[in-house]
Amino acid sequence: MSEEKLAFQAEVSRLLRLMVHSVYSDKEVFLRELISNASDACDKLRYEALTEPELTADDPEFKIRVIVDTKARTVEVADNGIGMNRDELISELGTIARSGTHAFVERLSGDAATDMALIGQFGVGFYSVFMVAERVEVTSRRAGESQAWRWASDGAGEFTVGEAERAGRGTSVLVHLAKDEKRWLEPGALRRIVTTYSDHIAIPIVLVEGDKEETVNQASALWTRPKREISEDQYKEFYHHAGHVLDDPWLTIHYKAEGKIEYAVLLFVPSTRPYDLFDPTRRSRVRLYVRRVFITDDCQELIPPYLRFLRGVVDSEDLPLNLSREMLQSSPVLTRLKTAIARRVLGDLQKQAEKAPEAYARFWSNFGAVLKEGLYEDEERREALLKLARFHSTAGDELVGLEAYRARAREAQKAIYYITGDNLETLKQSPQLEGYRARGIEVLLLTDPVDDFWLTVVDKFAELPFRSVTRGGADLAEMPVQAPEAGGEEALREADIATVVALLKQHLGEAVQDVRASERLTDSAVCLVADEQGLDMHLERLLKAQGQLEQVHRRILEINPRHALIRALAGQLKEPGAAERLADVAQLLLDQARIIEGESLPDPAAFSRRLAAIMTRGLAA
């Protein structure tokens, strides 16, 4: 069969252009990525061989070889792992089949250092080889198959695939070095890269130069070694290997548990958000091993979905090696592992929150929205998650925890007050906050979509109920104002308030559920609130946008009896025939409240006409 020429996926082409023209200073990561991929291939075959031992019968000892040929100017990384057939070569090396690819590529800026960091986060490390190569050939033969295949490319937008010869299973990546990259032919440089980046890999890595062969790594599973024997750099490089990323870990969790179940854990919290963090599948990326044998990197029963940002390994001594998907889903050992690991991770996060609050705030900005999913899903650990949670609030720019909020709450305060929305700056300007600010009451500002949902199942913290400031009465009568109200105006008399309310009800009719004087407004003339028994307004809008709600409920229109506009309206109503003349004002007040709330106007043209008419009368007066 002759070679077939194919085009790279558009996203891969952009990555390759970046790699070919890269001026990135740490080009040596190309070797780390190739070795890491070779290690993964060996792990996958070791697992398949548990049920199909014939796959490794002729070559049972796994090995990764780094072969230098100074005359040919090539570096080759070869393994005897699972290998790839034709379709897998095209799929694995010609496309990026994962969610978020388009958004990732759009963020590539052309700045090499910035873009390399993005590429590392996204996990496309194979393509880093084109930083040093003018041509790359990948020869592979899948375990259990007789035909080998060769994939080749110069990184210019196309690749070829054709039949090849290979004596045994596995994959060889032959790197034809570019003219100015001869430094990678020096055995000393390669030895240093392997010991720096890949010493932790539990498969022998053999450096081959001519007739000389030298094993250059320790070849022992890092997570099985005592913590005192492992340096910070070794932890970092294992994290890079396990996560296929370039950032450094924010937190390392390494321990061994003994008792009813025995297992070793080496987990990392990233310092940056992985690109697949908000993938709808919410997959865990933690690798499951059983007695040092790789089982899977897709075990959703091992880590709760709200901890899916974790990277690393869990190695069990009690699970059977021949785990099927059905066994994974029903294993009581895995259930206990999941519970114990989640408890330990949350405990370590709590220690970090207490020990380094500023660093923890950065962690929370990356992963808080995901952790809060656990508030909705994990009743058993809800209390621990509530203590970890941090929020923006009206008290300042720093994030606040619920314990700190509770400690500085006003003595007469009966609830933990919050408001939800899409944008932090917009929330800060919400009129519903005015009365709370005037009384020195802190309000949490919640902008993550999950906030609307966990608040439907979490009713209180430290005996204080959660209460939305956009629903029901403001409950502020018992707390005196600490700051002077806008303009220092006196409130309207009860009779005048009743007259304005009656006018608004008359003209607004079924457009509102009710009209009433407000305790929560100090600066604004009007606002909309939801009924005490109804859904929070922002949650209603979310559900309607998702097609889970046909229409939102009617709102309550609150008016500010101290505002100059409301006072002027009350004064106008004392004139003969004013009730009909002020119909447009009533509608504009409702539309104003809708606009402030971020809701669409039901009739923008009518709003424009009314506004023009009132402005004309004002200018003509």
# chains A, B, ... in the order shown; residues from 1 in each chain; ligands from 1

$ closest_atom_pairs --of "range 141-200 of chain A" --to "range 125-129 of chain A" --cutoff "10 Å" --atoms "only C-alpha atoms" --output "Markdown table"
| residue | atom | partner | partner_atom | distance |
| --- | --- | --- | --- | --- |
| A:Gly155 | CA | A:Tyr127 | CA | 8.8 |
| A:Val173 | CA | A:Val129 | CA | 9.7 |
| A:Val175 | CA | A:Val129 | CA | 7.6 |
| A:His176 | CA | A:Val129 | CA | 9.9 |
| A:Leu177 | CA | A:Val129 | CA | 9.4 |

$ atom_distance --atom1 "CA of Arg142 in chain A" --atom2 "CA of Phe62 in chain A"
14.7 Å

$ select_by_dssp --residues "range 223-324 of chain A" --states "helix (DSSP H, G or I)" --output "JSON, numbers by chain"
{"A": [223, 224, 227, 228, 229, 232, 233, 234, 235, 236, 237, 238, 239, 240, 241, 242, 243, 305, 306, 307]}

$ write_last_selection --atoms "C-alpha atoms" --output "CSV table (one decimal), in the first residue's frame"
chain,number,residue,atom,x,y,z
A,223,TRP,CA,4.0,7.4,45.0
A,224,THR,CA,5.4,4.3,46.6
A,227,LYS,CA,7.9,11.6,51.2
A,228,ARG,CA,11.3,12.4,52.8
A,229,GLU,CA,13.0,10.9,49.8
A,232,GLU,CA,9.9,19.3,45.3
A,233,ASP,CA,11.3,19.2,41.8
A,234,GLN,CA,10.6,15.5,41.5
A,235,TYR,CA,7.0,16.1,42.6
A,236,LYS,CA,6.7,18.9,40.0
A,237,GLU,CA,7.9,16.7,37.2
A,238,PHE,CA,5.6,13.9,38.2
A,239,TYR,CA,2.8,16.3,38.1
A,240,HIS,CA,3.8,17.4,34.6
A,241,HIS,CA,3.9,13.8,33.6
A,242,ALA,CA,0.6,12.8,35.2
A,243,GLY,CA,-1.3,15.9,34.0
A,305,PRO,CA,-17.0,15.4,40.1
A,306,TYR,CA,-16.5,18.6,42.1
A,307,LEU,CA,-12.9,17.6,42.6

$ residues_around --residues "range 410-425 of chain A" --least-positions-apart "3" --cutoff "7 Å" --atoms "only C-alpha atoms" --output "PDB file with C-alpha atoms, in the first residue's frame"
ATOM      1  CA  LYS A 428     -22.508  45.925  43.159  1.00  0.00           C
ATOM      2  CA  GLN A 429     -24.767  48.591  41.616  1.00  0.00           C
ATOM      3  CA  ILE A 441     -25.208  44.744  56.608  1.00  0.00           C
ATOM      4  CA  VAL A 443     -24.365  41.013  51.395  1.00  0.00           C
ATOM      5  CA  LEU A 444     -22.686  38.174  49.494  1.00  0.00           C
ATOM      6  CA  LEU A 445     -22.343  38.782  45.734  1.00  0.00           C
ATOM      7  CA  LEU A 446     -22.734  35.471  43.901  1.00  0.00           C
ATOM      8  CA  THR A 447     -21.989  35.247  40.168  1.00  0.00           C
ATOM      9  CA  ASP A 452     -28.553  29.617  42.212  1.00  0.00           C
ATOM     10  CA  LEU A 464     -28.259  31.668  60.198  1.00  0.00           C
ATOM     11  CA  PRO A 465     -30.528  31.055  57.194  1.00  0.00           C
ATOM     12  CA  PHE A 466     -29.510  32.154  53.716  1.00  0.00           C
ATOM     13  CA  ARG A 467     -31.805  34.903  52.417  1.00  0.00           C
ATOM     14  CA  SER A 468     -31.939  36.541  48.995  1.00  0.00           C
ATOM     15  CA  VAL A 469     -32.188  40.341  49.052  1.00  0.00           C
ATOM     16  CA  THR A 470     -34.291  40.182  45.886  1.00  0.00           C
ATOM     17  CA  MET A 479     -31.931  47.436  62.284  1.00  0.00           C
ATOM     18  CA  HIS A 538     -31.968  35.373  38.735  1.00  0.00           C
TER      19      HIS A 538
END
